[in-house]
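Engineer: My file is work13.cif. It has mmCIF, C-alpha atoms:
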```cif
data_work
#
loop_
_atom_site.label_atom_id
_atom_site.label_comp_id
_atom_site.auth_asym_id
_atom_site.auth_seq_id
_atom_site.Cartn_x
_atom_site.Cartn_y
_atom_site.Cartn_z
CA MET A 12 -4.84 -22.49 -12.82
CA ASN A 13 -4.40 -24.97 -9.93
CA LYS A 14 -3.72 -23.77 -6.39
CA SER A 15 0.01 -24.57 -6.32
CA LYS A 16 0.55 -22.68 -9.56
CA LEU A 17 -1.45 -19.77 -8.20
CA VAL A 18 0.74 -19.65 -5.08
CA PHE A 19 3.84 -19.60 -7.29
CA SER A 20 2.32 -16.91 -9.50
CA ASN A 21 1.50 -14.71 -6.50
CA LEU A 22 4.98 -15.15 -5.06
CA LEU A 23 6.57 -14.39 -8.44
CA ILE A 24 4.52 -11.21 -8.77
CA LEU A 25 5.60 -10.16 -5.27
CA ILE A 26 9.26 -10.83 -6.04
CA LEU A 27 9.10 -8.93 -9.32
CA PHE A 28 7.31 -6.00 -7.68
CA THR A 29 9.85 -5.88 -4.88
CA PHE A 30 12.73 -5.93 -7.36
CA CYS A 31 11.24 -3.20 -9.53
CA ALA A 32 10.24 -1.01 -6.60
CA TYR A 33 13.27 -1.29 -4.39
CA SER A 34 16.30 -2.42 -6.39
CA GLN A 35 18.80 -0.14 -8.04
CA PRO A 36 18.76 -0.66 -11.83
CA ASN A 37 21.88 -2.02 -13.49
CA GLN A 38 23.55 -0.06 -16.28
CA LEU A 39 26.24 -0.88 -18.79
CA VAL A 40 28.57 1.72 -17.28
CA LYS A 41 28.83 1.94 -13.51
CA VAL A 42 30.00 4.92 -11.50
CA LEU A 43 31.38 3.85 -8.13
CA VAL A 44 31.81 6.39 -5.35
CA ALA A 45 33.11 5.45 -1.91
CA PRO A 46 34.37 7.29 1.19
CA ASP A 47 37.74 6.16 2.53
CA HIS A 48 36.29 4.77 5.79
CA THR A 49 34.74 1.36 5.22
CA ASN A 50 31.88 2.16 7.61
CA TRP A 51 31.38 5.60 5.95
CA VAL A 52 31.42 7.23 9.41
CA TYR A 53 33.70 10.08 10.56
CA LYS A 54 34.26 12.24 13.58
CA ALA A 55 33.33 15.90 13.31
CA GLY A 56 36.30 17.78 11.90
CA GLU A 57 37.85 14.68 10.31
CA GLU A 58 38.63 14.84 6.59
CA VAL A 59 36.84 12.50 4.20
CA LYS A 60 38.20 11.44 0.83
CA PHE A 61 36.01 10.04 -1.93
CA THR A 62 37.29 7.54 -4.50
CA ILE A 63 35.52 7.78 -7.87
CA SER A 64 35.72 4.98 -10.44
CA VAL A 65 34.05 4.60 -13.83
CA ILE A 66 33.68 0.94 -14.82
CA ARG A 67 32.49 -0.92 -17.91
CA SER A 68 32.55 -4.70 -18.24
CA GLY A 69 34.44 -4.93 -14.98
CA ASN A 70 37.27 -2.63 -16.12
CA LEU A 71 38.08 1.01 -15.52
CA VAL A 72 37.11 3.29 -18.43
CA PRO A 73 40.16 5.30 -19.58
CA ASN A 74 39.72 9.03 -20.23
CA ALA A 75 36.28 9.05 -18.66
CA LYS A 76 34.89 12.55 -18.29
CA ILE A 77 33.22 13.33 -14.98
CA LYS A 78 31.84 16.18 -12.97
CA TYR A 79 31.28 16.03 -9.23
CA GLU A 80 29.90 18.15 -6.44
CA ILE A 81 30.31 17.80 -2.71
CA GLY A 82 28.23 19.34 0.05
CA ALA A 83 25.88 18.71 2.94
CA GLU A 84 22.97 16.60 1.70
CA LYS A 85 20.13 18.59 0.10
CA MET A 86 22.14 21.80 0.49
CA GLU A 87 24.11 23.83 -2.04
CA ALA A 88 27.41 22.19 -2.98
CA SER A 89 30.52 23.61 -1.35
CA LYS A 90 32.84 22.12 -3.96
CA ARG A 91 32.43 21.41 -7.69
CA ASP A 92 34.82 20.25 -10.38
CA SER A 93 35.01 18.64 -13.83
CA LEU A 94 37.79 16.20 -14.71
CA ASN A 95 39.02 13.73 -17.28
CA LEU A 96 40.14 10.52 -15.57
CA ALA A 97 43.12 9.20 -17.50
CA ASP A 98 42.86 5.75 -15.96
CA GLY A 99 39.17 5.90 -15.01
CA LYS A 100 39.74 6.47 -11.29
CA ILE A 101 40.55 9.30 -8.89
CA THR A 102 40.47 10.15 -5.18
CA VAL A 103 39.30 13.65 -4.20
CA SER A 104 39.18 15.46 -0.89
CA GLY A 105 35.66 16.03 0.37
CA GLY A 106 36.59 18.25 3.27
CA THR A 107 34.80 17.80 6.56
CA MET A 108 31.81 18.79 8.71
CA LYS A 109 32.19 20.56 12.04
CA ALA A 110 28.86 19.29 13.38
CA PRO A 111 27.03 15.95 13.14
CA GLY A 112 25.48 15.43 9.71
CA PHE A 113 26.03 13.97 6.26
CA LEU A 114 28.37 15.09 3.49
CA ARG A 115 27.50 13.88 -0.02
CA CYS A 116 29.57 13.46 -3.17
CA ILE A 117 27.46 13.28 -6.35
CA VAL A 118 29.23 12.19 -9.54
CA THR A 119 28.08 12.26 -13.16
CA ALA A 120 30.15 10.45 -15.78
CA TYR A 121 29.88 10.95 -19.55
CA VAL A 122 30.64 7.87 -21.65
CA ASP A 123 29.70 7.51 -25.33
CA ASP A 124 27.41 10.54 -25.14
CA LYS A 125 25.43 9.07 -22.25
CA GLU A 126 25.24 10.22 -18.63
CA TYR A 127 25.73 7.91 -15.66
CA ARG A 128 25.24 9.09 -12.09
CA ASN A 129 25.98 7.81 -8.61
CA LEU A 130 26.83 9.16 -5.18
CA ALA A 131 28.24 8.37 -1.76
CA THR A 132 27.51 9.99 1.58
CA ALA A 133 29.79 10.23 4.58
CA GLY A 134 28.19 10.36 8.01
CA PHE A 135 29.69 12.60 10.66
CA GLU A 136 28.72 11.33 14.10
CA PRO A 137 25.20 10.46 12.89
CA GLU A 138 24.13 9.12 16.26
CA ALA A 139 24.71 12.59 17.72
CA ILE A 140 22.24 14.30 15.36
CA LYS A 141 19.48 16.02 17.30
CA PRO A 142 16.05 16.99 15.93
CA THR A 143 15.08 20.55 15.13
CA GLU A 144 11.34 19.90 15.40
CA LYS A 145 9.64 21.17 18.54
CA ASN A 146 7.50 18.92 20.72
CA PRO A 147 4.25 20.73 21.63
CA ALA A 148 3.17 20.56 25.26
CA ASP A 149 -0.23 19.12 24.35
CA PHE A 150 1.04 16.58 21.81
CA VAL A 151 -0.16 13.53 23.74
CA GLN A 152 -3.48 15.15 24.59
CA PHE A 153 -4.10 16.04 20.96
CA TRP A 154 -3.71 12.43 19.85
CA GLU A 155 -5.60 11.01 22.83
CA LYS A 156 -8.57 13.13 21.77
CA ALA A 157 -8.19 11.94 18.17
CA LYS A 158 -8.25 8.34 19.39
CA SER A 159 -11.29 9.04 21.57
CA ASP A 160 -13.11 10.63 18.62
CA LEU A 161 -12.27 7.63 16.43
CA ALA A 162 -13.66 5.20 19.00
CA LYS A 163 -17.08 6.85 18.64
CA ILE A 164 -17.21 6.09 14.89
CA PRO A 165 -18.70 2.65 14.08
CA MET A 166 -16.21 0.50 12.15
CA ASP A 167 -18.84 -0.94 9.77
CA ALA A 168 -16.40 -3.48 8.30
CA ARG A 169 -17.22 -4.87 4.86
CA MET A 170 -15.28 -7.82 3.42
CA THR A 171 -15.39 -9.12 -0.15
CA LEU A 172 -13.65 -12.40 -0.94
CA LEU A 173 -11.34 -12.24 -3.97
CA PRO A 174 -11.37 -15.87 -5.22
CA GLU A 175 -8.92 -15.16 -8.01
CA ARG A 176 -6.28 -14.11 -5.45
CA CYS A 177 -6.86 -16.85 -2.89
CA THR A 178 -4.33 -19.65 -2.59
CA GLU A 179 -4.47 -23.16 -1.22
CA ASN A 180 -3.61 -21.86 2.25
CA VAL A 181 -4.79 -18.23 2.30
CA ASN A 182 -8.07 -16.41 1.76
CA VAL A 183 -7.78 -12.91 0.32
CA TYR A 184 -10.37 -10.17 0.82
CA HIS A 185 -10.92 -6.60 -0.27
CA VAL A 186 -11.94 -4.76 2.90
CA ASN A 187 -13.34 -1.34 3.62
CA LEU A 188 -13.95 0.23 7.01
CA GLN A 189 -15.47 3.44 8.28
CA ASN A 190 -12.60 5.68 9.27
CA TYR A 191 -12.28 8.95 11.17
CA ARG A 192 -15.65 10.42 10.18
CA VAL A 193 -19.02 8.88 9.37
CA GLY A 194 -19.15 8.17 5.65
CA THR A 195 -15.37 8.15 5.06
CA ARG A 196 -13.78 4.79 4.31
CA LEU A 197 -10.44 3.03 4.63
CA TYR A 198 -9.61 0.26 2.13
CA GLY A 199 -7.14 -2.58 2.13
CA ILE A 200 -6.35 -6.17 1.25
CA LEU A 201 -6.72 -8.76 4.02
CA CYS A 202 -4.96 -12.12 3.85
CA VAL A 203 -6.01 -14.80 6.36
CA PRO A 204 -4.63 -18.33 6.73
CA LYS A 205 -7.35 -20.86 5.90
CA LYS A 206 -6.37 -23.44 8.50
CA GLU A 207 -8.52 -23.18 11.60
CA GLY A 208 -6.70 -21.60 14.51
CA LYS A 209 -5.52 -18.36 16.10
CA TYR A 210 -2.84 -16.26 14.40
CA PRO A 211 -0.69 -13.17 14.96
CA ALA A 212 -1.45 -10.15 12.76
CA LEU A 213 0.66 -7.69 10.78
CA LEU A 214 -0.46 -4.32 9.46
CA ARG A 215 1.35 -3.30 6.26
CA VAL A 216 1.33 0.48 5.84
CA PRO A 217 2.07 2.06 2.44
CA GLY A 218 4.76 4.25 0.98
CA ALA A 219 3.78 7.51 -0.68
CA GLY A 220 1.74 7.58 -3.86
CA VAL A 221 -1.66 6.51 -5.11
CA ARG A 222 -1.84 2.90 -6.32
CA PRO A 223 -3.58 -0.47 -6.07
CA TYR A 224 -2.44 -3.13 -3.60
CA GLY A 225 -2.19 -6.91 -3.88
CA GLY A 226 -1.93 -7.82 -0.21
CA ASP A 227 0.88 -9.59 1.64
CA ILE A 228 0.04 -13.16 0.71
CA SER A 229 3.54 -14.53 1.27
CA THR A 230 3.59 -13.57 4.96
CA ALA A 231 0.09 -14.98 5.40
CA GLU A 232 1.42 -18.25 3.97
CA ARG A 233 3.78 -18.25 6.96
CA GLY A 234 0.88 -18.23 9.41
CA ILE A 235 0.27 -14.53 10.01
CA ILE A 236 -2.84 -12.51 9.24
CA THR A 237 -1.84 -9.53 7.08
CA PHE A 238 -3.71 -6.35 6.24
CA GLU A 239 -2.19 -4.05 3.60
CA ILE A 240 -3.98 -0.72 3.55
CA GLY A 241 -4.24 2.31 1.31
CA ILE A 242 -4.53 5.76 2.90
CA HIS A 243 -6.62 7.72 0.42
CA GLY A 244 -10.14 6.50 1.13
CA ILE A 245 -10.55 4.81 -2.25
CA PRO A 246 -10.74 1.11 -3.20
CA VAL A 247 -7.33 -0.51 -3.66
CA ASN A 248 -8.27 -3.06 -6.36
CA MET A 249 -9.05 -0.83 -9.33
CA ASP A 250 -7.13 -0.45 -12.59
CA GLN A 251 -3.84 1.46 -12.36
CA SER A 252 -5.13 4.09 -14.80
CA VAL A 253 -7.69 5.19 -12.20
CA TYR A 254 -5.00 5.89 -9.63
CA ALA A 255 -2.88 7.73 -12.17
CA SER A 256 -5.80 10.09 -12.86
CA ILE A 257 -6.56 10.63 -9.18
CA SER A 258 -2.89 11.20 -8.38
CA ALA A 259 -2.63 13.86 -11.04
CA GLY A 260 -5.93 15.40 -9.92
CA ILE A 261 -7.51 15.71 -6.50
CA LEU A 262 -4.65 13.94 -4.67
CA ASN A 263 -1.86 15.86 -6.34
CA ASP A 264 0.50 17.10 -3.60
CA TYR A 265 -1.68 15.47 -0.94
CA PRO A 266 1.00 15.79 1.81
CA SER A 267 0.36 19.56 1.81
CA LEU A 268 -3.45 19.45 1.97
CA ASN A 269 -4.82 21.62 4.82
CA LEU A 270 -1.37 22.08 6.28
CA ASP A 271 -2.47 25.29 7.96
CA ASP A 272 -4.96 23.50 10.27
CA ARG A 273 -3.79 20.75 12.63
CA ASP A 274 -7.31 19.30 12.88
CA LYS A 275 -7.91 19.18 9.13
CA TYR A 276 -4.43 18.31 7.89
CA PHE A 277 -4.46 15.39 5.46
CA TYR A 278 -2.38 13.08 7.61
CA LYS A 279 -4.81 13.16 10.52
CA ARG A 280 -7.15 10.82 8.67
CA VAL A 281 -4.13 8.70 7.75
CA TYR A 282 -2.74 8.34 11.26
CA VAL A 283 -6.10 7.51 12.83
CA GLY A 284 -6.83 5.26 9.84
CA CYS A 285 -3.90 3.08 10.86
CA LEU A 286 -5.49 2.75 14.29
CA ARG A 287 -8.81 1.87 12.69
CA ALA A 288 -7.05 -0.83 10.66
CA ASN A 289 -5.78 -2.28 13.94
CA ASP A 290 -9.32 -2.10 15.34
CA PHE A 291 -10.34 -4.33 12.45
CA LEU A 292 -7.46 -6.77 12.82
CA SER A 293 -8.13 -7.05 16.55
CA SER A 294 -11.79 -7.86 15.87
CA LEU A 295 -11.08 -10.85 13.63
CA PRO A 296 -11.99 -14.22 15.17
CA GLN A 297 -8.76 -15.70 13.77
CA TYR A 298 -6.56 -13.13 15.59
CA ASP A 299 -4.70 -14.52 18.62
CA GLY A 300 -5.47 -11.40 20.64
CA LYS A 301 -1.93 -10.49 21.63
CA ASN A 302 0.64 -10.45 18.80
CA LEU A 303 0.24 -7.45 16.51
CA GLY A 304 2.95 -5.80 14.41
CA VAL A 305 3.23 -2.99 11.87
CA ALA A 306 5.68 -2.58 9.00
CA GLY A 307 6.37 -0.18 6.14
CA GLY A 308 8.91 1.91 4.27
CA SER A 309 9.27 5.64 3.55
CA GLN A 310 5.81 7.09 4.23
CA GLY A 311 5.07 3.60 5.53
CA GLY A 312 8.18 3.76 7.70
CA ALA A 313 6.75 6.90 9.25
CA LEU A 314 3.34 5.28 9.70
CA SER A 315 4.93 2.27 11.39
CA ILE A 316 6.46 4.51 14.05
CA VAL A 317 3.31 6.60 14.42
CA THR A 318 1.05 3.55 14.76
CA ALA A 319 3.29 1.80 17.27
CA ALA A 320 3.56 5.01 19.31
CA LEU A 321 -0.20 5.61 19.44
CA ASP A 322 -1.50 2.05 19.73
CA LYS A 323 -0.59 -0.06 22.77
CA ARG A 324 -1.83 -3.16 20.97
CA VAL A 325 1.23 -3.03 18.69
CA LYS A 326 4.07 -5.16 20.03
CA TYR A 327 6.69 -4.85 17.24
CA LEU A 328 7.47 -2.61 14.29
CA VAL A 329 9.63 -2.52 11.17
CA SER A 330 10.52 0.83 9.64
CA PHE A 331 12.51 1.41 6.46
CA TYR A 332 13.84 4.96 5.89
CA PRO A 333 10.97 6.75 7.69
CA ALA A 334 9.64 9.88 6.00
CA ILE A 335 7.94 12.90 7.67
CA SER A 336 10.90 13.11 10.07
CA ASP A 337 12.32 16.42 11.31
CA LEU A 338 10.50 18.44 8.68
CA THR A 339 11.88 21.72 10.01
CA GLY A 340 15.51 20.77 9.41
CA TYR A 341 15.57 23.05 6.36
CA LEU A 342 14.79 26.04 8.55
CA GLU A 343 17.97 25.33 10.51
CA GLY A 344 20.20 25.09 7.44
CA ARG A 345 20.21 21.32 7.00
CA ALA A 346 18.18 18.59 5.30
CA GLY A 347 14.62 18.02 6.44
CA GLY A 348 12.45 14.99 5.84
CA TRP A 349 10.14 14.08 2.98
CA PRO A 350 7.86 15.67 1.78
CA HIS A 351 10.34 18.56 2.09
CA LEU A 352 7.69 21.07 3.07
CA PHE A 353 10.25 23.69 4.05
CA ALA A 354 12.87 23.10 1.36
CA LYS A 355 14.09 26.10 -0.61
CA ASN A 356 11.44 25.70 -3.31
CA ASN A 357 8.61 25.34 -0.78
CA VAL A 358 9.57 27.55 2.14
CA ALA A 359 8.11 30.76 0.70
CA TYR A 360 4.52 29.56 1.09
CA ASN A 361 4.89 26.94 3.86
CA ASN A 362 6.89 28.92 6.40
CA THR A 363 3.90 30.35 8.26
CA LYS A 364 2.96 30.25 11.92
CA GLU A 365 -0.07 28.04 11.23
CA LYS A 366 1.82 25.47 9.15
CA LEU A 367 4.76 25.34 11.54
CA ASN A 368 2.30 24.71 14.33
CA THR A 369 0.60 21.89 12.42
CA VAL A 370 3.72 19.92 11.54
CA GLN A 371 4.69 19.62 15.21
CA TYR A 372 1.74 17.30 15.71
CA TYR A 373 2.60 15.08 12.74
CA ASP A 374 6.39 14.95 12.72
CA VAL A 375 7.67 11.41 13.30
CA VAL A 376 10.29 12.73 15.72
CA ASN A 377 7.60 13.42 18.29
CA PHE A 378 6.07 9.95 17.90
CA ALA A 379 9.48 8.30 18.09
CA ARG A 380 9.90 9.77 21.57
CA LEU A 381 6.83 7.79 22.70
CA LEU A 382 7.84 4.36 21.42
CA LYS A 383 7.85 1.56 23.99
CA VAL A 384 8.11 -1.56 21.82
CA PRO A 385 11.01 -3.25 19.98
CA GLY A 386 11.67 -2.15 16.42
CA MET A 387 13.81 -3.18 13.47
CA TYR A 388 15.02 -0.27 11.33
CA SER A 389 16.89 -0.20 8.04
CA TRP A 390 18.19 2.40 5.56
CA GLY A 391 21.27 3.59 3.71
CA PHE A 392 23.30 6.78 3.67
CA ASN A 393 22.57 7.56 0.00
CA ASP A 394 18.84 8.19 0.32
CA GLU A 395 17.94 11.39 -1.55
CA THR A 396 14.21 11.14 -0.80
CA CYS A 397 14.36 10.64 2.95
CA PRO A 398 17.70 12.21 3.92
CA PRO A 399 19.57 10.29 6.63
CA THR A 400 19.94 13.50 8.65
CA SER A 401 16.16 13.54 9.04
CA ILE A 402 15.97 9.80 9.72
CA TYR A 403 18.59 9.91 12.47
CA SER A 404 16.78 12.86 14.02
CA ALA A 405 13.92 10.49 14.77
CA TYR A 406 15.93 7.34 15.38
CA ASN A 407 18.21 8.96 17.95
CA VAL A 408 15.33 9.92 20.28
CA ILE A 409 13.97 6.35 20.43
CA THR A 410 14.55 4.86 23.88
CA ALA A 411 12.70 1.58 23.18
CA PRO A 412 14.71 -1.50 22.12
CA LYS A 413 15.92 -0.96 18.57
CA GLN A 414 18.01 -2.71 15.94
CA LEU A 415 19.47 -0.92 12.93
CA PHE A 416 20.43 -2.76 9.75
CA LEU A 417 22.51 -0.32 7.72
CA ALA A 418 22.94 -0.98 4.01
CA LEU A 419 25.21 1.99 3.42
CA GLU A 420 25.08 2.39 -0.34
CA THR A 421 21.33 2.08 -0.69
CA GLY A 422 19.26 5.10 -1.58
CA HIS A 423 15.47 5.04 -1.49
CA TRP A 424 15.46 1.31 -2.19
CA THR A 425 16.44 -1.91 -0.46
CA PHE A 426 18.61 -4.93 -1.11
CA PRO A 427 16.93 -8.35 -0.95
CA GLU A 428 18.99 -9.03 2.18
CA GLN A 429 17.30 -6.12 3.95
CA ASN A 430 13.85 -7.39 3.06
CA GLU A 431 14.71 -10.93 4.10
CA LYS A 432 16.23 -9.90 7.43
CA THR A 433 13.39 -7.58 8.44
CA ASN A 434 10.63 -9.93 7.25
CA ASN A 435 12.17 -12.84 9.16
CA TRP A 436 12.59 -10.68 12.25
CA ILE A 437 8.97 -9.52 12.40
CA VAL A 438 7.65 -13.02 11.71
CA GLU A 439 9.85 -14.48 14.43
CA GLN A 440 8.74 -11.85 16.95
CA LEU A 441 5.06 -12.27 16.18
CA LYS A 442 5.22 -16.07 16.40
CA LYS A 443 7.12 -16.28 19.71
#
```
Represent the supplied structure as structure tokens.
Structural biologist:
Amino acid sequence: MNKSKLVFSNLLILILFTFCAYSQPNQLVKVLVAPDHTNWVYKAGEEVKFTISVIRSGNLVPNAKIKYEIGAEKMEASKRDSLNLADGKITVSGGTMKAPGFLRCIVTAYVDDKEYRNLATAGFEPEAIKPTEKNPADFVQFWEKAKSDLAKIPMDARMTLLPERCTENVNVYHVNLQNYRVGTRLYGILCVPKKEGKYPALLRVPGAGVRPYGGDISTAERGIITFEIGIHGIPVNMDQSVYASISAGILNDYPSLNLDDRDKYFYKRVYVGCLRANDFLSSLPQYDGKNLGVAGGSQGGALSIVTAALDKRVKYLVSFYPAISDLTGYLEGRAGGWPHLFAKNNVAYNNTKEKLNTVQYYDVVNFARLLKVPGMYSWGFNDETCPPTSIYSAYNVITAPKQLFLALETGHWTFPEQNEKTNNWIVEQLKK
């Protein structure tokens, strides 16, 4: 395959992956749910009404059978009903919320013996949501010590060129570094422009899960060094079947590993690993020495905020629907962030003094307070994985320059417009 075809192939793979990972699948029958305010935002105490439509081939489906439930997100529904829609459409009262938060209407339609589901979420003064997570007095000192300990560990960077992934303009490497303890490694895919010169750098941090990575070749084609990392201390270029086995085995439920010890909790190696990745990027002879960014979504959205808060070398960040935000929300009767450590099905064994102490040092809310650099943020109100209540808990404490691109109807996925806007923004900032 010639170089131009290889570039096209890599870009096509990236596009297809993005579509599969972040786009809502189309279905023959569509359930549309919408609040009666076009911006989906209400004042506390104001009534919201939801319009429900069942559509096939662009037309309302007569006599469609539905059931719906309405309640604060992730909480027990306060209202439920089942209806037959004579003309395929109805408007129902959703009630209100007396305090800032999110009220969700979930609808299931039954057409031709198949189920179709959708939802809409009304925000009640979302910018007034305050976090429930406590900020420990020694939070900064804890992470300064972690950074100091990391600095004593030799990086021992090892790079392996991947000729089959290289393009006409970009070299691609599989990289592994020594991380937070001697003998432990951090792996990722490095993409470096071939043309001689100095370039900005972008750290790509991953969403949750155990998987291989292909590297951000397309951004490197735009003149930016990129480093896409994994967090699990295993190579990121193996067959998918290997990751499936590991995910079901030793890394099953990894967000809960050692939760009762703040120094041994799983995410400590992850957070300092992001700093180690920046150590590596900063050491590259092609790096321009001043323009460094970080970007990610979900778990990666959390890691973007954490990394930018801890590392003064970072100048810009992009964060999609950040996870690990306001984890203790559930203990105050509202939605908490992924991985839902204190949700109803987890609270019995996680609600201990030791675990509550640990999460204070890892909750994104407490890193968001420390941010000093500009950030671009994006999410929707319908996210069922990272509830917007938890996201706003972190976003609202950020005092650094921030831009929010709301795509209201998105859940835990993004529209192409979101990806394009945020990618262009970070590239423009880094290349100023």
Engineer: So what does the PyMOL selection byres ((chain A and resi 128) around 7) actually pick up in this one, as a PyMOL selection string?
Structural biologist: chain A and resi 42+118-120+126-127+129
Engineer: Using all atoms listed in the file, what does the table of stretch 165-216 of chain A residues within 12 Å of stretch 326-334 of chain A look like, with each row giving the shortest atom pair and its distance in Å to one decimal, sorted by chain and ascending number, as CSV?
Structural biologist:
```
residue,atom,partner,partner_atom,distance
A:Pro211,CA,A:Lys326,CA,10.6
A:Ala212,CA,A:Lys326,CA,10.4
A:Leu213,CA,A:Leu328,CA,9.2
A:Leu214,CA,A:Leu328,CA,9.4
A:Arg215,CA,A:Val329,CA,9.7
A:Val216,CA,A:Ser330,CA,10.0
```
Engineer: In the coordinates of the file, take the point (-13.5, 6.3, 16.5) and a cut-off of 10 Å; then, counting only C-alpha atoms, name each qualifying protein, DNA or RNA residue as an MDAnalysis selection string.
Structural biologist: chainID A and resid 156:166 189:193 283:284 286:287 290
Engineer: Give the answer as one residue: which of A:Thr339, A:Ser389, A:Thr400, A:Thr369 has the shortest atom-to-atom distance to A:Thr132, using all atoms listed in the file?
Structural biologist: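 Using all atoms listed in the file, the shortest distance to A:Thr132 belongs to A:Thr400.
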Engineer: Check which residues of stretch 341-376 of chain A sit at most 12 Å from stretch 92-113 of chain A using only C-alpha atoms, and return one row each with the closest pair of atoms and their distance in Å to one decimal, ordered by chain and rising number, as CSV.
Structural biologist:
```
residue,atom,partner,partner_atom,distance
A:Gly344,CA,A:Gly112,CA,11.2
A:Arg345,CA,A:Gly112,CA,8.4
A:Ala346,CA,A:Gly112,CA,9.1
A:Gly347,CA,A:Gly112,CA,11.6
```
Engineer: Convert the current residue selection to file output with C-alpha atoms, as a tab-separated table (two decimals), keeping the file's coordinate frame.
Structural biologist:
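Okay, out.tsv is ready:
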```tsv
chain	number	residue	atom	x	y	z
A	344	GLY	CA	20.20	25.09	7.44
A	345	ARG	CA	20.21	21.32	7.00
A	346	ALA	CA	18.18	18.59	5.30
A	347	GLY	CA	14.62	18.02	6.44
```
Engineer: What separation in Å, quoted to one decimal, exists between atom CA of A:Tyr298 and atom CA of A:Val186?
Structural biologist: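 Interatomic distance here is 16.1 Å.
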Engineer: Step by step, work through what the PyMOL selection byres ((chain A and resi 170) around 9) selects in the shown file, and finish by giving those residues as a VMD selection string.
Structural biologist: chain A and resid 168 to 169 171 to 172 184 to 188 201
Engineer: Selection from above, C-alpha atoms, as a PDB file, keeping the file's coordinate frame, can you write it?
Structural biologist:
```pdb
ATOM      1  CA  ALA A 168     -16.400  -3.480   8.300  1.00  0.00           C
ATOM      2  CA  ARG A 169     -17.220  -4.870   4.860  1.00  0.00           C
ATOM      3  CA  THR A 171     -15.390  -9.120  -0.150  1.00  0.00           C
ATOM      4  CA  LEU A 172     -13.650 -12.400  -0.940  1.00  0.00           C
ATOM      5  CA  TYR A 184     -10.370 -10.170   0.820  1.00  0.00           C
ATOM      6  CA  HIS A 185     -10.920  -6.600  -0.270  1.00  0.00           C
ATOM      7  CA  VAL A 186     -11.940  -4.760   2.900  1.00  0.00           C
ATOM      8  CA  ASN A 187     -13.340  -1.340   3.620  1.00  0.00           C
ATOM      9  CA  LEU A 188     -13.950   0.230   7.010  1.00  0.00           C
ATOM     10  CA  LEU A 201      -6.720  -8.760   4.020  1.00  0.00           C
TER      11      LEU A 201
END
```
Engineer: Find the distance between atom CA of A:Gly82 and atom CA of A:Ser401 and write it in Å to one decimal.
Structural biologist: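 Separation between atom CA of A:Gly82 and atom CA of A:Ser401: 16.1 Å.
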Engineer: Rounded to one decimal place, report the atom CA of A:Asn269-atom CA of A:Ser252 distance in Å.
Structural biologist: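 Between atom CA of A:Asn269 and atom CA of A:Ser252 the gap works out to 26.3 Å.
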Engineer: As a check of understanding, name the residues that the PyMOL selection byres ((chain A and resi 306) around 12) selects in the supplied structure, as a ChimeraX atom specification.
Structural biologist: /A:212-218,227,230,237-240,285,303-305,307-319,325-333,386-389,430,433-434,436-438
Engineer: Which of these residues is nearest to A:Val122, using all atoms listed in the file: A:Gln38, A:Thr195, A:Asn356, A:Asn180?
Structural biologist: A:Gln38
Engineer: Can you tell me which residues surround A:Thr421 at a distance of at most 9 Å, considering only C-alpha atoms, apart from same-chain residues fewer than 2 positions away, and format the answer as a ChimeraX atom specification?
Structural biologist: /A:34-35,390-394,417-419,423-426
Engineer: Using C-alpha atoms, can you export the residues from the last selection as a short mmCIF file (atom, residue, chain, number, x, y, z; two decimals), in the coordinates of the input?
Structural biologist:
```
data_model
loop_
_atom_site.label_atom_id
_atom_site.label_comp_id
_atom_site.auth_asym_id
_atom_site.auth_seq_id
_atom_site.Cartn_x
_atom_site.Cartn_y
_atom_site.Cartn_z
CA SER A 34 16.30 -2.42 -6.39
CA GLN A 35 18.80 -0.14 -8.04
CA TRP A 390 18.19 2.40 5.56
CA GLY A 391 21.27 3.59 3.71
CA PHE A 392 23.30 6.78 3.67
CA ASN A 393 22.57 7.56 0.00
CA ASP A 394 18.84 8.19 0.32
CA LEU A 417 22.51 -0.32 7.72
CA ALA A 418 22.94 -0.98 4.01
CA LEU A 419 25.21 1.99 3.42
CA HIS A 423 15.47 5.04 -1.49
CA TRP A 424 15.46 1.31 -2.19
CA THR A 425 16.44 -1.91 -0.46
CA PHE A 426 18.61 -4.93 -1.11
#
```
Engineer: Given all atoms listed in the file as the basis, pick out the residue of A:Glu84, A:Asp274, A:Glu207, A:Asp374 nearest to A:Pro142.
Structural biologist: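 The shortest atom-to-atom distance to A:Pro142 comes from A:Asp374.
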Engineer: Could you tell me which of A:Ile117, A:Leu382, A:Val203, A:Leu39 comes closest to A:Thr410 if we count only C-alpha atoms?
Structural biologist: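 Among A:Ile117, A:Leu382, A:Val203, A:Leu39, it is A:Leu382 that comes nearest to A:Thr410.
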Engineer: Which of these residues is nearest to A:Tyr224, using all atoms listed in the file: A:Glu395, A:Gln251, A:Lys76, A:Pro204?
Structural biologist: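 Closest to A:Tyr224 of all the choices is A:Gln251.
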Engineer: Taking (-3.1, 15.7, 10.9) in the file's own coordinates, collect the residues within 8 Å, counting all atoms listed in the file, and hand them back as a list of chain:residue names.
Structural biologist: A:Arg273, A:Asp274, A:Lys275, A:Tyr276, A:Phe277, A:Tyr278, A:Lys279, A:Arg280, A:Val281, A:Tyr282, A:Thr369, A:Tyr372, A:Tyr373
Engineer: Put a box with edges along x, y and z around all the listed atoms of stretch 373-377 of chain A, pad it by 4 Å on each side, then give me its centre and sizes in Å, one decimal, as AutoDock Vina command-line options.
Structural biologist:
```
--center_x 6.4 --center_y 13.2 --center_z 15.5 --size_x 15.7 --size_y 11.7 --size_z 13.6
```
